[in-house]
$ cat run-v2.json   # JSON, C-alpha atoms
[["chain", "number", "residue", "atom", "x", "y", "z"],
["H", 1, "MET", "CA", -17.89, -2.64, 12.14],
["H", 2, "ASN", "CA", -17.73, -5.89, 10.19],
["H", 3, "TRP", "CA", -13.99, -5.75, 9.52],
["H", 4, "GLN", "CA", -11.70, -8.65, 10.30],
["H", 5, "THR", "CA", -8.13, -8.25, 11.50],
["H", 6, "SER", "CA", -5.20, -10.45, 10.56],
["H", 7, "VAL", "CA", -2.03, -9.78, 12.57],
["H", 8, "TRP", "CA", 1.44, -10.87, 11.46],
["H", 9, "GLU", "CA", 4.92, -10.66, 12.92],
["H", 10, "ASP", "CA", 6.34, -8.13, 10.46],
["H", 11, "ARG", "CA", 5.87, -6.62, 7.00],
["H", 12, "GLU", "CA", 7.47, -9.62, 5.35],
["H", 13, "ALA", "CA", 5.08, -12.09, 6.95],
["H", 14, "LEU", "CA", 2.14, -9.78, 6.23],
["H", 15, "SER", "CA", 3.11, -9.56, 2.55],
["H", 16, "ARG", "CA", 3.34, -13.33, 2.23],
["H", 17, "ALA", "CA", -0.02, -13.83, 3.92],
["H", 18, "VAL", "CA", -1.69, -11.40, 1.52],
["H", 19, "ALA", "CA", 0.03, -13.05, -1.46],
["H", 20, "GLU", "CA", -1.46, -16.40, -0.44],
["H", 21, "GLU", "CA", -4.93, -14.86, -0.26],
["H", 22, "ILE", "CA", -4.46, -13.23, -3.66],
["H", 23, "GLU", "CA", -3.51, -16.58, -5.18],
["H", 24, "LYS", "CA", -6.77, -18.12, -3.96],
["H", 25, "ILE", "CA", -8.92, -15.19, -5.09],
["H", 26, "ALA", "CA", -7.22, -15.03, -8.50],
["H", 27, "ALA", "CA", -7.77, -18.73, -9.13],
["H", 28, "ALA", "CA", -11.44, -18.57, -8.17],
["H", 29, "ALA", "CA", -12.05, -15.45, -10.25],
["H", 30, "ALA", "CA", -10.33, -16.85, -13.34],
["H", 31, "SER", "CA", -12.30, -20.08, -13.01],
["H", 32, "ASP", "CA", -15.67, -18.41, -12.41],
["H", 33, "ARG", "CA", -15.41, -15.37, -14.70],
["H", 34, "GLY", "CA", -12.34, -15.88, -16.89],
["H", 35, "ARG", "CA", -10.33, -13.04, -15.36],
["H", 36, "PHE", "CA", -9.12, -11.54, -12.09],
["H", 37, "ASP", "CA", -9.75, -7.80, -11.60],
["H", 38, "LEU", "CA", -7.32, -6.39, -9.03],
["H", 39, "VAL", "CA", -7.03, -2.80, -7.77],
["H", 40, "LEU", "CA", -3.51, -1.87, -6.70],
["H", 41, "ALA", "CA", -2.42, 0.47, -3.91],
["H", 42, "GLY", "CA", 0.68, 2.61, -3.62],
["H", 43, "GLY", "CA", 3.05, 2.78, -0.68],
["H", 44, "ARG", "CA", 5.85, 0.90, 1.03],
["H", 45, "THR", "CA", 3.88, -2.12, 2.24],
["H", 46, "PRO", "CA", 2.23, -2.88, -1.13],
["H", 47, "ARG", "CA", 5.62, -2.61, -2.85],
["H", 48, "ARG", "CA", 6.98, -5.51, -0.81],
["H", 49, "LEU", "CA", 3.83, -7.50, -1.60],
["H", 50, "TYR", "CA", 4.34, -6.86, -5.33],
["H", 51, "GLU", "CA", 7.93, -8.03, -5.09],
["H", 52, "VAL", "CA", 6.79, -11.28, -3.48],
["H", 53, "LEU", "CA", 4.12, -11.76, -6.13],
["H", 54, "SER", "CA", 6.53, -11.12, -9.00],
["H", 55, "THR", "CA", 9.01, -13.73, -7.78],
["H", 56, "GLU", "CA", 7.48, -16.49, -5.69],
["H", 57, "TYR", "CA", 4.05, -16.27, -7.33],
["H", 58, "ARG", "CA", 5.21, -15.92, -10.93],
["H", 59, "GLU", "CA", 3.94, -19.41, -11.79],
["H", 60, "ARG", "CA", 1.26, -19.69, -9.13],
["H", 61, "ILE", "CA", -1.07, -16.98, -10.51],
["H", 62, "ASN", "CA", -2.35, -16.77, -14.08],
["H", 63, "TRP", "CA", -1.09, -13.27, -14.85],
["H", 64, "SER", "CA", -2.38, -13.39, -18.43],
["H", 65, "ARG", "CA", -5.90, -13.38, -16.95],
["H", 66, "THR", "CA", -5.15, -10.70, -14.37],
["H", 67, "HIS", "CA", -6.27, -7.11, -15.02],
["H", 68, "LEU", "CA", -4.67, -4.35, -12.97],
["H", 69, "PHE", "CA", -6.34, -1.10, -11.93],
["H", 70, "TRP", "CA", -5.33, 1.69, -9.55],
["H", 71, "GLY", "CA", -7.23, 3.04, -6.58],
["H", 72, "ASP", "CA", -5.65, 6.46, -6.76],
["H", 73, "GLU", "CA", -2.85, 8.33, -8.45],
["H", 74, "ARG", "CA", -0.89, 11.49, -7.97],
["H", 75, "TYR", "CA", -1.37, 13.77, -10.97],
["H", 76, "VAL", "CA", 2.21, 13.48, -12.16],
["H", 77, "PRO", "CA", 3.74, 11.93, -15.30],
["H", 78, "SER", "CA", 3.81, 8.13, -15.27],
["H", 79, "ASP", "CA", 7.61, 8.09, -15.05],
["H", 80, "ASN", "CA", 7.70, 10.40, -12.02],
["H", 81, "PRO", "CA", 9.11, 8.80, -8.84],
["H", 82, "LEU", "CA", 5.89, 9.79, -7.03],
["H", 83, "SER", "CA", 3.71, 7.81, -9.47],
["H", 84, "ASN", "CA", 1.89, 4.80, -8.04],
["H", 85, "TYR", "CA", 1.89, 3.35, -11.55],
["H", 86, "ARG", "CA", 5.64, 3.62, -11.80],
["H", 87, "MET", "CA", 6.12, 1.79, -8.51],
["H", 88, "ALA", "CA", 3.88, -1.08, -9.61],
["H", 89, "GLN", "CA", 5.55, -1.16, -13.00],
["H", 90, "GLU", "CA", 8.97, -1.59, -11.40],
["H", 91, "ALA", "CA", 7.96, -4.08, -8.71],
["H", 92, "LEU", "CA", 5.26, -6.12, -10.47],
["H", 93, "ILE", "CA", 4.41, -5.41, -14.09],
["H", 94, "VAL", "CA", 7.82, -5.47, -15.77],
["H", 95, "PRO", "CA", 9.20, -8.43, -13.80],
["H", 96, "LEU", "CA", 6.13, -10.51, -14.67],
["H", 97, "GLY", "CA", 5.69, -9.30, -18.24],
["H", 98, "ILE", "CA", 1.97, -8.74, -17.71],
["H", 99, "PRO", "CA", 0.28, -8.07, -21.08],
["H", 100, "GLN", "CA", -0.12, -4.37, -21.80],
["H", 101, "ALA", "CA", -3.80, -4.89, -22.60],
["H", 102, "ASN", "CA", -4.32, -6.02, -19.00],
["H", 103, "ILE", "CA", -2.86, -2.87, -17.45],
["H", 104, "HIS", "CA", -5.22, 0.03, -16.77],
["H", 105, "PRO", "CA", -3.36, 2.94, -15.13],
["H", 106, "MET", "CA", -5.10, 6.17, -14.25],
["H", 107, "PRO", "CA", -4.27, 8.70, -16.98],
["H", 108, "THR", "CA", -2.35, 11.78, -15.91],
["H", 109, "TYR", "CA", -1.73, 13.37, -19.29],
["H", 110, "PHE", "CA", -4.97, 15.33, -19.69],
["H", 111, "ALA", "CA", -4.79, 19.11, -19.38],
["H", 112, "GLU", "CA", -7.45, 18.94, -16.66],
["H", 113, "ALA", "CA", -7.53, 16.27, -13.98],
["H", 114, "ALA", "CA", -11.33, 16.22, -14.10],
["H", 115, "GLU", "CA", -11.09, 15.08, -17.73],
["H", 116, "ALA", "CA", -8.76, 12.28, -16.68],
["H", 117, "ALA", "CA", -11.18, 11.17, -13.96],
["H", 118, "HIS", "CA", -14.03, 11.05, -16.47],
["H", 119, "ALA", "CA", -11.91, 9.07, -18.95],
["H", 120, "TYR", "CA", -10.95, 6.51, -16.30],
["H", 121, "GLU", "CA", -14.55, 6.08, -15.22],
["H", 122, "GLN", "CA", -15.59, 5.50, -18.83],
["H", 123, "MET", "CA", -12.86, 2.89, -19.22],
["H", 124, "LEU", "CA", -14.07, 1.10, -16.08],
["H", 125, "ARG", "CA", -17.67, 1.06, -17.28],
["H", 126, "SER", "CA", -16.57, -0.30, -20.65],
["H", 127, "HIS", "CA", -14.39, -2.99, -19.09],
["H", 128, "PHE", "CA", -17.11, -4.31, -16.79],
["H", 129, "GLY", "CA", -19.97, -3.84, -19.25],
["H", 130, "ALA", "CA", -23.67, -4.24, -18.59],
["H", 131, "GLY", "CA", -23.12, -6.17, -15.38],
["H", 132, "GLY", "CA", -21.66, -3.08, -13.73],
["H", 133, "LEU", "CA", -18.47, -2.42, -11.85],
["H", 134, "ARG", "CA", -17.32, -5.21, -9.53],
["H", 135, "PHE", "CA", -13.67, -5.62, -8.66],
["H", 136, "ASP", "CA", -12.53, -8.98, -7.33],
["H", 137, "LEU", "CA", -10.10, -7.44, -4.85],
["H", 138, "VAL", "CA", -9.14, -3.91, -3.82],
["H", 139, "LEU", "CA", -5.87, -3.28, -1.98],
["H", 140, "LEU", "CA", -5.81, -0.20, 0.25],
["H", 141, "GLY", "CA", -3.59, 1.55, 2.76],
["H", 142, "ILE", "CA", -4.39, 3.82, 5.69],
["H", 143, "GLY", "CA", -2.74, 7.15, 6.43],
["H", 144, "PRO", "CA", -1.93, 8.33, 9.97],
["H", 145, "GLU", "CA", -5.02, 10.57, 9.98],
["H", 146, "GLY", "CA", -7.28, 7.86, 8.57],
["H", 147, "HIS", "CA", -7.21, 8.67, 4.86],
["H", 148, "THR", "CA", -7.36, 5.90, 2.29],
["H", 149, "LEU", "CA", -6.93, 6.18, -1.47],
["H", 150, "SER", "CA", -6.77, 9.96, -1.95],
["H", 151, "LEU", "CA", -9.85, 10.43, 0.23],
["H", 152, "PHE", "CA", -8.78, 12.62, 3.13],
["H", 153, "PRO", "CA", -10.80, 13.70, 6.18],
["H", 154, "GLY", "CA", -13.19, 16.49, 5.26],
["H", 155, "SER", "CA", -12.89, 15.97, 1.50],
["H", 156, "PRO", "CA", -16.10, 16.67, -0.46],
["H", 157, "ALA", "CA", -15.27, 13.52, -2.46],
["H", 158, "LEU", "CA", -16.31, 11.45, 0.57],
["H", 159, "GLU", "CA", -19.92, 12.40, -0.10],
["H", 160, "GLU", "CA", -19.86, 11.46, -3.79],
["H", 161, "ARG", "CA", -22.43, 8.77, -4.55],
["H", 162, "GLU", "CA", -22.71, 8.79, -8.35],
["H", 163, "ARG", "CA", -19.24, 9.07, -9.87],
["H", 164, "LEU", "CA", -16.74, 6.22, -9.67],
["H", 165, "VAL", "CA", -13.64, 8.37, -10.14],
["H", 166, "VAL", "CA", -13.00, 12.00, -9.20],
["H", 167, "SER", "CA", -10.15, 14.47, -9.15],
["H", 168, "VAL", "CA", -9.29, 15.92, -5.75],
["H", 169, "ARG", "CA", -6.96, 18.37, -4.08],
["H", 170, "ALA", "CA", -5.54, 16.78, -0.97],
["H", 171, "ALA", "CA", -3.59, 18.05, 2.00],
["H", 172, "ALA", "CA", -0.54, 16.20, 0.73],
["H", 173, "LYS", "CA", 2.21, 16.53, -1.84],
["H", 174, "PRO", "CA", 1.49, 16.74, -4.66],
["H", 175, "PRO", "CA", -2.04, 17.95, -3.89],
["H", 176, "LEU", "CA", -3.70, 17.16, -7.25],
["H", 177, "ARG", "CA", -4.81, 13.53, -7.51],
["H", 178, "LEU", "CA", -7.25, 11.08, -9.02],
["H", 179, "THR", "CA", -9.12, 8.64, -6.81],
["H", 180, "LEU", "CA", -11.80, 5.99, -6.87],
["H", 181, "THR", "CA", -14.79, 6.93, -4.78],
["H", 182, "LEU", "CA", -16.39, 4.99, -1.96],
["H", 183, "PRO", "CA", -19.23, 3.72, -4.22],
["H", 184, "ALA", "CA", -16.60, 2.23, -6.55],
["H", 185, "ILE", "CA", -14.91, 0.42, -3.67],
["H", 186, "GLU", "CA", -18.21, -0.84, -2.30],
["H", 187, "THR", "CA", -18.68, -2.95, -5.44],
["H", 188, "ALA", "CA", -15.62, -5.08, -4.59],
["H", 189, "ARG", "CA", -15.94, -8.69, -3.62],
["H", 190, "ASP", "CA", -13.10, -8.23, -1.11],
["H", 191, "VAL", "CA", -11.09, -5.32, 0.29],
["H", 192, "PHE", "CA", -7.72, -5.75, 2.00],
["H", 193, "PHE", "CA", -6.06, -2.97, 3.99],
["H", 194, "LEU", "CA", -2.27, -3.40, 4.26],
["H", 195, "VAL", "CA", -0.93, -1.56, 7.30],
["H", 196, "SER", "CA", 2.55, -1.78, 8.78],
["H", 197, "GLY", "CA", 4.81, 0.25, 11.05],
["H", 198, "GLU", "CA", 4.64, 1.89, 14.47],
["H", 199, "ASP", "CA", 3.45, 5.15, 12.94],
["H", 200, "LYS", "CA", 0.11, 3.46, 12.25],
["H", 201, "GLN", "CA", -0.57, 2.30, 15.82],
["H", 202, "ASP", "CA", -2.66, 5.32, 16.77],
["H", 203, "ILE", "CA", -4.99, 5.26, 13.78],
["H", 204, "VAL", "CA", -5.38, 1.47, 13.95],
["H", 205, "HIS", "CA", -6.39, 1.76, 17.62],
["H", 206, "LYS", "CA", -8.87, 4.52, 16.80],
["H", 207, "LEU", "CA", -10.45, 2.59, 13.92],
["H", 208, "LEU", "CA", -10.80, -0.65, 15.85],
["H", 209, "ASN", "CA", -12.27, 1.03, 18.91],
["H", 210, "ALA", "CA", -14.45, 3.71, 17.35],
["H", 211, "SER", "CA", -18.21, 3.82, 17.61],
["H", 212, "PRO", "CA", -20.13, 3.72, 14.32],
["H", 213, "GLU", "CA", -20.57, 7.49, 14.54],
["H", 214, "GLU", "CA", -16.87, 8.07, 15.20],
["H", 215, "LEU", "CA", -15.84, 5.79, 12.34],
["H", 216, "SER", "CA", -17.42, 8.13, 9.81],
["H", 217, "ASN", "CA", -14.81, 10.75, 10.75],
["H", 218, "TYR", "CA", -12.14, 8.59, 9.11],
["H", 219, "PRO", "CA", -12.30, 7.90, 5.35],
["H", 220, "ALA", "CA", -10.90, 4.40, 5.92],
["H", 221, "GLY", "CA", -13.69, 3.77, 8.40],
["H", 222, "ARG", "CA", -16.28, 4.32, 5.70],
["H", 223, "VAL", "CA", -15.01, 1.54, 3.45],
["H", 224, "ARG", "CA", -17.36, -1.37, 2.81],
["H", 225, "SER", "CA", -17.40, -4.25, 0.33],
["H", 226, "GLN", "CA", -19.72, -6.95, -0.98],
["H", 227, "GLY", "CA", -17.70, -9.56, 0.91],
["H", 228, "ARG", "CA", -14.79, -9.27, 3.30],
["H", 229, "VAL", "CA", -12.93, -6.23, 4.58],
["H", 230, "ILE", "CA", -9.72, -7.45, 6.20],
["H", 231, "LEU", "CA", -7.22, -5.29, 8.02],
["H", 232, "PHE", "CA", -3.81, -6.96, 7.57],
["H", 233, "LEU", "CA", -1.48, -5.62, 10.27],
["H", 234, "ASP", "CA", 2.05, -6.25, 11.34],
["H", 235, "ARG", "CA", 2.77, -6.37, 15.06],
["H", 236, "ALA", "CA", 4.24, -2.87, 15.05],
["H", 237, "ALA", "CA", 1.02, -1.39, 13.64],
["H", 238, "GLN", "CA", -1.14, -3.49, 15.91],
["H", 239, "GLY", "CA", 0.74, -2.16, 18.92],
["H", 240, "GLY", "CA", 0.71, -5.35, 20.96],
["H", 241, "GLN", "CA", 2.18, -8.79, 21.17],
["H", 242, "ALA", "CA", 0.78, -11.00, 18.43],
["H", 243, "ALA", "CA", 0.30, -14.51, 19.70],
["H", 244, "GLY", "CA", 0.98, -16.13, 16.37],
["H", 245, "ALA", "CA", -1.00, -14.95, 13.39],
["H", 246, "GLY", "CA", -4.54, -15.35, 12.28],
["H", 247, "THR", "CA", -7.83, -13.66, 11.57],
["H", 248, "THR", "CA", -10.24, -12.39, 14.20],
["H", 249, "SER", "CA", -13.16, -10.02, 14.29],
["H", 250, "PRO", "CA", -12.48, -6.75, 16.17]]
$ encode --input "run-v2.json" --output "structure tokens"
Amino acid sequence: MNWQTSVWEDREALSRAVAEEIEKIAAAAASDRGRFDLVLAGGRTPRRLYEVLSTEYRERINWSRTHLFWGDERYVPSDNPLSNYRMAQEALIVPLGIPQANIHPMPTYFAEAAEAAHAYEQMLRSHFGAGGLRFDLVLLGIGPEGHTLSLFPGSPALEERERLVVSVRAAAKPPLRLTLTLPAIETARDVFFLVSGEDKQDIVHKLLNASPEELSNYPAGRVRSQGRVILFLDRAAQGGQAAGAGTTSP
């Protein structure tokens, strides 16, 4: 596996390390291509990252050139407490005043989730144009059983190779969701997993010690990118004593 690991003392230090990386990627993307295309994740660890970005990085990142997308979404109204969009809106979008035209949430207002997935895929294809989909950075999490996005072990969506977005029913609440597919993630220049907490020790150990064949049993283990895939861990998730912080290959 060509992942890198970056271990930090706690969630706060992890969030600040990722924020620094985002600043560098955003600057390079805006300079090279005129915009920074960022895919957001839901969850507790990303929320703290967004809070850091919306305060300490308010002036350090060109938010007017930043476009926000979502990796997955629960099929609930956008103002529902379970909505990934709502969390990002509260922690990042509203505090920064990011232009509405730069915000691309997954739609959850269609009568059928499959229609919403198709609409989001069409939006992505339109946004990226003839050059094809290629996110600058995708932020992801990992569930205790190895799921990422709303791609759970055993899901038929794991075998999708054509569509960029699909609707799924997951073994979670609520079960109906939208998610990017693995082919969509594979276009990314960089992918960062943000993983914190003792409850993630077991899956982190399994992922970092699995054979290539065993890795395919875990949706997170199937993730690839065009550039880096970095697993940002806090010491609790890593399960050992971190001698400082840095990046190493597993």
$ residues_around --input "run-v2.json" --residues "region 175-181 of chain H" --least-positions-apart "3" --cutoff "8 Å" --atoms "all atoms listed in the file" --output "list in words"
Gly71, Asp72, Glu73, Arg74, Tyr75, Met106, Ala113, Ala116, Ala117, Leu149, Ser150, Leu151, Ala157, Leu158, Glu160, Arg161, Arg163, Leu164, Val165, Val166, Ser167, Val168, Arg169, Ala170, Ala171, Ala172, Ala184 and Ile185 of chain H
$ atom_distance --input "run-v2.json" --atom1 "CA of Gly34 (chain H)" --atom2 "CA of Arg65 (chain H)"
6.9 Å
$ atom_distance --input "run-v2.json" --atom1 "CA of Arg224 (chain H)" --atom2 "CA of Ala41 (chain H)"
16.5 Å
$ residues_around --input "run-v2.json" --residues "Arg60 (chain H)" --least-positions-apart "2" --cutoff "12 Å" --atoms "all atoms listed in the file" --output "number ranges by chain"
H: 19-27, 52-58, 62-64, 96
$ write_last_selection --input "run-v2.json" --atoms "C-alpha atoms" --output "PDB file, in the frame of the given file"
ATOM      1  CA  ALA H  19       0.030 -13.050  -1.460  1.00  0.00           C
ATOM      2  CA  GLU H  20      -1.460 -16.400  -0.440  1.00  0.00           C
ATOM      3  CA  GLU H  21      -4.930 -14.860  -0.260  1.00  0.00           C
ATOM      4  CA  ILE H  22      -4.460 -13.230  -3.660  1.00  0.00           C
ATOM      5  CA  GLU H  23      -3.510 -16.580  -5.180  1.00  0.00           C
ATOM      6  CA  LYS H  24      -6.770 -18.120  -3.960  1.00  0.00           C
ATOM      7  CA  ILE H  25      -8.920 -15.190  -5.090  1.00  0.00           C
ATOM      8  CA  ALA H  26      -7.220 -15.030  -8.500  1.00  0.00           C
ATOM      9  CA  ALA H  27      -7.770 -18.730  -9.130  1.00  0.00           C
ATOM     10  CA  VAL H  52       6.790 -11.280  -3.480  1.00  0.00           C
ATOM     11  CA  LEU H  53       4.120 -11.760  -6.130  1.00  0.00           C
ATOM     12  CA  SER H  54       6.530 -11.120  -9.000  1.00  0.00           C
ATOM     13  CA  THR H  55       9.010 -13.730  -7.780  1.00  0.00           C
ATOM     14  CA  GLU H  56       7.480 -16.490  -5.690  1.00  0.00           C
ATOM     15  CA  TYR H  57       4.050 -16.270  -7.330  1.00  0.00           C
ATOM     16  CA  ARG H  58       5.210 -15.920 -10.930  1.00  0.00           C
ATOM     17  CA  ASN H  62      -2.350 -16.770 -14.080  1.00  0.00           C
ATOM     18  CA  TRP H  63      -1.090 -13.270 -14.850  1.00  0.00           C
ATOM     19  CA  SER H  64      -2.380 -13.390 -18.430  1.00  0.00           C
ATOM     20  CA  LEU H  96       6.130 -10.510 -14.670  1.00  0.00           C
TER      21      LEU H  96
END
$ atom_distance --input "run-v2.json" --atom1 "CA of Ile230 (chain H)" --atom2 "CA of Lys173 (chain H)"
28.0 Å
$ closest_residue --input "run-v2.json" --among "H:Leu215, H:Val138, H:Val204, H:Ala13" --to "Phe192 (chain H)" --atoms "only C-alpha atoms"
H:Val138
$ residues_around --input "run-v2.json" --residues "region 125-131 of chain H" --least-positions-apart "4" --cutoff "12 Å" --atoms "only C-alpha atoms" --output "ChimeraX atom specification"
/H:33,35-37,67-69,101-104,118-121,135-136,163-165,184,187
$ closest_residue --input "run-v2.json" --among "H:Asp10, H:Glu145, H:Glu51, H:Glu213" --to "Ala91 (chain H)" --atoms "all atoms listed in the file"
H:Glu51
$ residues_near_point --input "run-v2.json" --point "(5.2, 0.9, 12.9)" --cutoff "8 Å" --atoms "only C-alpha atoms" --output "PyMOL selection string"
chain H and resi 196-201+234-237
$ closest_residue --input "run-v2.json" --among "H:Thr148, H:Gln100, H:Asn80, H:Gln122" --to "Val195 (chain H)" --atoms "all atoms listed in the file"
H:Thr148
